[in-house]
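Reading through the structure tokens given below for one structure.
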Amino acid sequence: MTTDTHDPDAWTIALVGAPAVGKTRFISRFVLDDFEEDLESSPIEQGFSRKLTVDGQKTIVTLLDIYQGHRKIPQQPHDDDTAVQTLLRDADGYILMYSTTSPYAFQDIVAHTRAVRRAKAAPALDPVLALVANQNDRPAQDQEVTRAAGEALARELDCAFAETSAKTGDGVDAVVADLVRVLRARKRQDARKQSSGVWGYFTLRR
Ligand SMILES: Nc1nc2c(ncn2[C@@H]2O[C@H](COP(=O)(O)OP(=O)(O)OP(=O)(O)O)[C@@H](O)[C@H]2O)c(=O)[nH]1
């Protein structure tokens, strides 16, 4: 999809989560280093890209708000929206976002994870996920989902966990960089598997 085949280190990361958790503001913070910028009217389905240096190596990251326009989360295979399925399937990594102020959005993460896993099911690929607790700048009395609850869910989902604030920028670049590291490691691993497969073939033929 948006991964440029001429650039070996370009990644598309999809943001999924309940409405109003801060997906648009997160993208705005990451791409423009701005919180107020309204991205609503932009062609967000193609995503927004930014160059980033991770561990001394340049990369291009495209962030994509899959549920822009309030598309429904696919709950069952038969009611899957094809456009959502395609966007989900083609992304390289995923940010599962909730707001620390919303127990509802926190509960919603499981359905979002299921939708991502189903989209990646054929061919069977284990999606690279990060659970993100956004709006961690909000006052303590507004924080209704604890860090411990977030960490426990991340363990259950077997994925990374991060706290962010799209408002202050806290943790935003860091979580994207961490996903890039995992995606690069996965790519190296796949390349090694492929080359050992080819080597095995030639060894057997001798
Ligand atoms: N304090 C604070 N407010 C935030 C943060 N992120 C988003 N918000 C606010 O939360 C509201 C929703 O943010 P959006 O970025 O539009 O949320 P969204 O997930 O894209 O919402 P949908 O487009 O409905 O899916 C806005 O009023 C933002 O100003 C944050 O990190 N801190």
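We label chains A, B, ... in the order they appear in the structure tokens, count residues from 1 in each chain, and number ligands from 1 in the order shown.
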
Taking a cut-off of 10 Å and counting only C-alpha atoms and all ligand atoms, can you build a table that, for each residue of chain A near ligand 1, reports the nearest atom pair and how far apart they are in Å (one decimal), sorted by chain then residue number, as a Markdown table?
```
| residue | atom | partner | partner_atom_place_in_ligand_line | distance |
| --- | --- | --- | --- | --- |
| A:Leu15 | CA | ligand 1 | 19 (O) | 8.7 |
| A:Val16 | CA | ligand 1 | 19 (O) | 8.2 |
| A:Gly17 | CA | ligand 1 | 19 (O) | 6.7 |
| A:Ala18 | CA | ligand 1 | 25 (O) | 6.2 |
| A:Pro19 | CA | ligand 1 | 25 (O) | 3.6 |
| A:Ala20 | CA | ligand 1 | 21 (O) | 3.4 |
| A:Val21 | CA | ligand 1 | 19 (O) | 4.0 |
| A:Gly22 | CA | ligand 1 | 15 (O) | 3.3 |
| A:Lys23 | CA | ligand 1 | 19 (O) | 3.8 |
| A:Thr24 | CA | ligand 1 | 15 (O) | 3.6 |
| A:Arg25 | CA | ligand 1 | 15 (O) | 3.8 |
| A:Phe26 | CA | ligand 1 | 15 (O) | 6.4 |
| A:Ile27 | CA | ligand 1 | 15 (O) | 8.0 |
| A:Ser28 | CA | ligand 1 | 15 (O) | 8.2 |
| A:Arg29 | CA | ligand 1 | 6 (N) | 9.3 |
| A:Phe35 | CA | ligand 1 | 29 (O) | 7.5 |
| A:Glu36 | CA | ligand 1 | 29 (O) | 7.2 |
| A:Glu37 | CA | ligand 1 | 29 (O) | 9.9 |
| A:Asp38 | CA | ligand 1 | 16 (O) | 8.3 |
| A:Leu39 | CA | ligand 1 | 16 (O) | 8.7 |
| A:Glu40 | CA | ligand 1 | 23 (O) | 7.5 |
| A:Asp65 | CA | ligand 1 | 20 (O) | 7.4 |
| A:Ile66 | CA | ligand 1 | 25 (O) | 8.8 |
| A:Tyr67 | CA | ligand 1 | 25 (O) | 6.1 |
| A:Gln68 | CA | ligand 1 | 23 (O) | 5.5 |
| A:Gly69 | CA | ligand 1 | 23 (O) | 6.9 |
| A:His70 | CA | ligand 1 | 25 (O) | 6.2 |
| A:Arg71 | CA | ligand 1 | 25 (O) | 9.0 |
| A:Met97 | CA | ligand 1 | 19 (O) | 8.1 |
| A:Tyr98 | CA | ligand 1 | 19 (O) | 8.3 |
| A:Ser99 | CA | ligand 1 | 6 (N) | 7.9 |
| A:Thr100 | CA | ligand 1 | 31 (O) | 9.3 |
| A:Thr101 | CA | ligand 1 | 2 (C) | 9.5 |
| A:Ala105 | CA | ligand 1 | 19 (O) | 9.8 |
| A:Ala133 | CA | ligand 1 | 31 (O) | 9.1 |
| A:Asn134 | CA | ligand 1 | 31 (O) | 5.3 |
| A:Gln135 | CA | ligand 1 | 31 (O) | 3.5 |
| A:Asn136 | CA | ligand 1 | 31 (O) | 6.4 |
| A:Asp137 | CA | ligand 1 | 32 (N) | 5.7 |
| A:Arg138 | CA | ligand 1 | 1 (N) | 5.2 |
| A:Pro139 | CA | ligand 1 | 1 (N) | 8.6 |
| A:Asp142 | CA | ligand 1 | 1 (N) | 9.9 |
| A:Glu163 | CA | ligand 1 | 31 (O) | 9.6 |
| A:Thr164 | CA | ligand 1 | 31 (O) | 6.6 |
| A:Ser165 | CA | ligand 1 | 31 (O) | 3.5 |
| A:Ala166 | CA | ligand 1 | 31 (O) | 3.6 |
| A:Lys167 | CA | ligand 1 | 31 (O) | 4.3 |
| A:Thr168 | CA | ligand 1 | 31 (O) | 6.8 |
| A:Gly169 | CA | ligand 1 | 31 (O) | 7.6 |
| A:Asp170 | CA | ligand 1 | 31 (O) | 8.5 |
| A:Val172 | CA | ligand 1 | 31 (O) | 9.5 |
```

I'd like the neighbourhood of Lys187 (chain A) as a list in words, where a residue qualifies if any of its atoms comes within 12 Å (using only C-alpha atoms), though same-chain residues fewer than 2 positions away should be ignored.
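Surrounding residues, per the criterion: Pro8, Asp9, Ala10, Trp11, Asp92, Val128, Val180, Arg181, Val182, Leu183, Arg184, Ala185, Gln189, Asp190, Ala191, Arg192, Lys193 and Gln194 of chain A.
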
Have a look at CA of Val54 (chain A) and CA of Asp126 (chain A) and let me know their distance in Å, one decimal.
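Between CA of Val54 (chain A) and CA of Asp126 (chain A) the gap works out to 22.7 Å.
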
Report as number ranges by chain all protein, DNA and RNA residues lying within 9 Å of Phe161 (chain A), evaluated on only C-alpha atoms, omitting residues in the same chain fewer than 3 positions from it.
A: 130-133, 150-151, 153-155, 175

Selected residues written out with C-alpha atoms, as a compact mmCIF listing (two decimals), in the first residue's frame:
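Below is the file that was written, again.txt:
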```txt
# COMPACT_ATOMS: atom_id res chain seq x y z
CA ALA A 130 1.40 -1.71 20.40
CA LEU A 131 -1.25 -0.89 22.98
CA VAL A 132 -1.27 2.87 23.54
CA ALA A 133 -2.88 4.71 26.45
CA GLY A 150 -3.11 -1.16 30.49
CA GLU A 151 0.02 -3.21 31.16
CA LEU A 153 -4.05 -6.01 28.84
CA ALA A 154 -0.82 -5.64 26.84
CA ARG A 155 0.50 -8.84 28.45
CA VAL A 175 6.10 4.36 20.41
```

DSSP strand (DSSP E or B) residues within region 39-169 of chain A, listed as an MDAnalysis selection string:
chainID A and resid 48:54 57:65 93:99 128:134 160:163

Those residues you just picked out, can you put them in a file as a short mmCIF file (atom, residue, chain, number, x, y, z; two decimals), in the first residue's frame with N, CA and C atoms?
```
data_model
loop_
_atom_site.label_atom_id
_atom_site.label_comp_id
_atom_site.auth_asym_id
_atom_site.auth_seq_id
_atom_site.Cartn_x
_atom_site.Cartn_y
_atom_site.Cartn_z
N PHE A 48 -0.70 9.84 6.51
CA PHE A 48 0.21 10.98 6.60
C PHE A 48 1.59 10.44 6.94
N SER A 49 2.58 10.94 6.18
CA SER A 49 3.92 10.36 6.30
C SER A 49 4.92 11.35 6.88
N ARG A 50 5.92 10.78 7.52
CA ARG A 50 7.02 11.60 8.04
C ARG A 50 8.29 10.78 8.04
N LYS A 51 9.41 11.48 7.77
CA LYS A 51 10.70 10.79 7.88
C LYS A 51 11.11 10.78 9.34
N LEU A 52 11.77 9.72 9.71
CA LEU A 52 12.15 9.54 11.11
C LEU A 52 13.47 8.78 11.12
N THR A 53 14.35 9.12 12.06
CA THR A 53 15.59 8.35 12.17
C THR A 53 15.47 7.45 13.39
N VAL A 54 15.61 6.16 13.17
CA VAL A 54 15.51 5.20 14.27
C VAL A 54 16.81 4.41 14.31
N GLN A 57 19.20 5.03 11.52
CA GLN A 57 18.81 4.69 10.15
C GLN A 57 17.49 5.40 9.80
N LYS A 58 17.48 6.04 8.62
CA LYS A 58 16.28 6.79 8.21
C LYS A 58 15.14 5.84 7.81
N THR A 59 13.94 6.27 8.13
CA THR A 59 12.77 5.49 7.75
C THR A 59 11.64 6.46 7.39
N ILE A 60 10.67 5.98 6.64
CA ILE A 60 9.47 6.80 6.38
C ILE A 60 8.29 6.07 7.00
N VAL A 61 7.59 6.76 7.87
CA VAL A 61 6.44 6.14 8.52
C VAL A 61 5.16 6.84 8.06
N THR A 62 4.20 6.04 7.65
CA THR A 62 2.88 6.56 7.29
C THR A 62 1.90 6.12 8.36
N LEU A 63 1.20 7.09 8.93
CA LEU A 63 0.17 6.76 9.93
C LEU A 63 -1.20 6.88 9.27
N LEU A 64 -2.03 5.93 9.61
CA LEU A 64 -3.32 5.78 8.94
C LEU A 64 -4.42 5.63 9.99
N ASP A 65 -5.44 6.47 9.91
CA ASP A 65 -6.58 6.35 10.83
C ASP A 65 -7.66 5.53 10.14
N GLY A 93 2.13 -2.33 10.80
CA GLY A 93 2.03 -2.40 12.25
C GLY A 93 0.77 -1.69 12.71
N TYR A 94 0.45 -1.84 13.99
CA TYR A 94 -0.83 -1.33 14.49
C TYR A 94 -0.66 -0.67 15.86
N ILE A 95 -1.28 0.48 16.00
CA ILE A 95 -1.41 1.11 17.31
C ILE A 95 -2.85 0.91 17.75
N LEU A 96 -3.01 0.16 18.86
CA LEU A 96 -4.35 -0.04 19.43
C LEU A 96 -4.50 1.03 20.49
N MET A 97 -5.31 2.05 20.20
CA MET A 97 -5.34 3.22 21.08
C MET A 97 -6.61 3.32 21.90
N TYR A 98 -6.41 3.59 23.19
CA TYR A 98 -7.55 3.99 24.03
C TYR A 98 -7.13 5.27 24.75
N SER A 99 -8.13 5.90 25.39
CA SER A 99 -7.82 7.08 26.19
C SER A 99 -7.87 6.67 27.65
N VAL A 128 2.09 -6.97 14.20
CA VAL A 128 2.96 -6.24 15.14
C VAL A 128 2.11 -5.13 15.76
N LEU A 129 1.87 -5.26 17.07
CA LEU A 129 0.92 -4.39 17.75
C LEU A 129 1.58 -3.61 18.88
N ALA A 130 1.05 -2.42 19.16
CA ALA A 130 1.40 -1.71 20.40
C ALA A 130 0.11 -1.17 20.99
N LEU A 131 -0.09 -1.44 22.27
CA LEU A 131 -1.25 -0.89 22.98
C LEU A 131 -0.85 0.48 23.51
N VAL A 132 -1.64 1.50 23.16
CA VAL A 132 -1.27 2.87 23.54
C VAL A 132 -2.38 3.52 24.38
N ALA A 133 -1.97 3.98 25.56
CA ALA A 133 -2.88 4.71 26.45
C ALA A 133 -2.64 6.20 26.22
N ASN A 134 -3.53 6.82 25.46
CA ASN A 134 -3.34 8.24 25.12
C ASN A 134 -4.03 9.14 26.16
N ALA A 160 3.48 -4.69 22.98
CA ALA A 160 4.10 -3.60 23.73
C ALA A 160 3.03 -2.69 24.31
N PHE A 161 3.43 -1.93 25.34
CA PHE A 161 2.51 -0.97 25.96
C PHE A 161 3.20 0.38 26.07
N ALA A 162 2.47 1.46 25.80
CA ALA A 162 3.06 2.81 25.95
C ALA A 162 1.98 3.79 26.37
N GLU A 163 2.41 4.79 27.13
CA GLU A 163 1.51 5.89 27.47
C GLU A 163 1.93 7.10 26.65
#
```

Could you jot down the CA of Leu88 (chain A) to CA of Ile109 (chain A) separation for me, Å, one decimal place?
14.7 Å
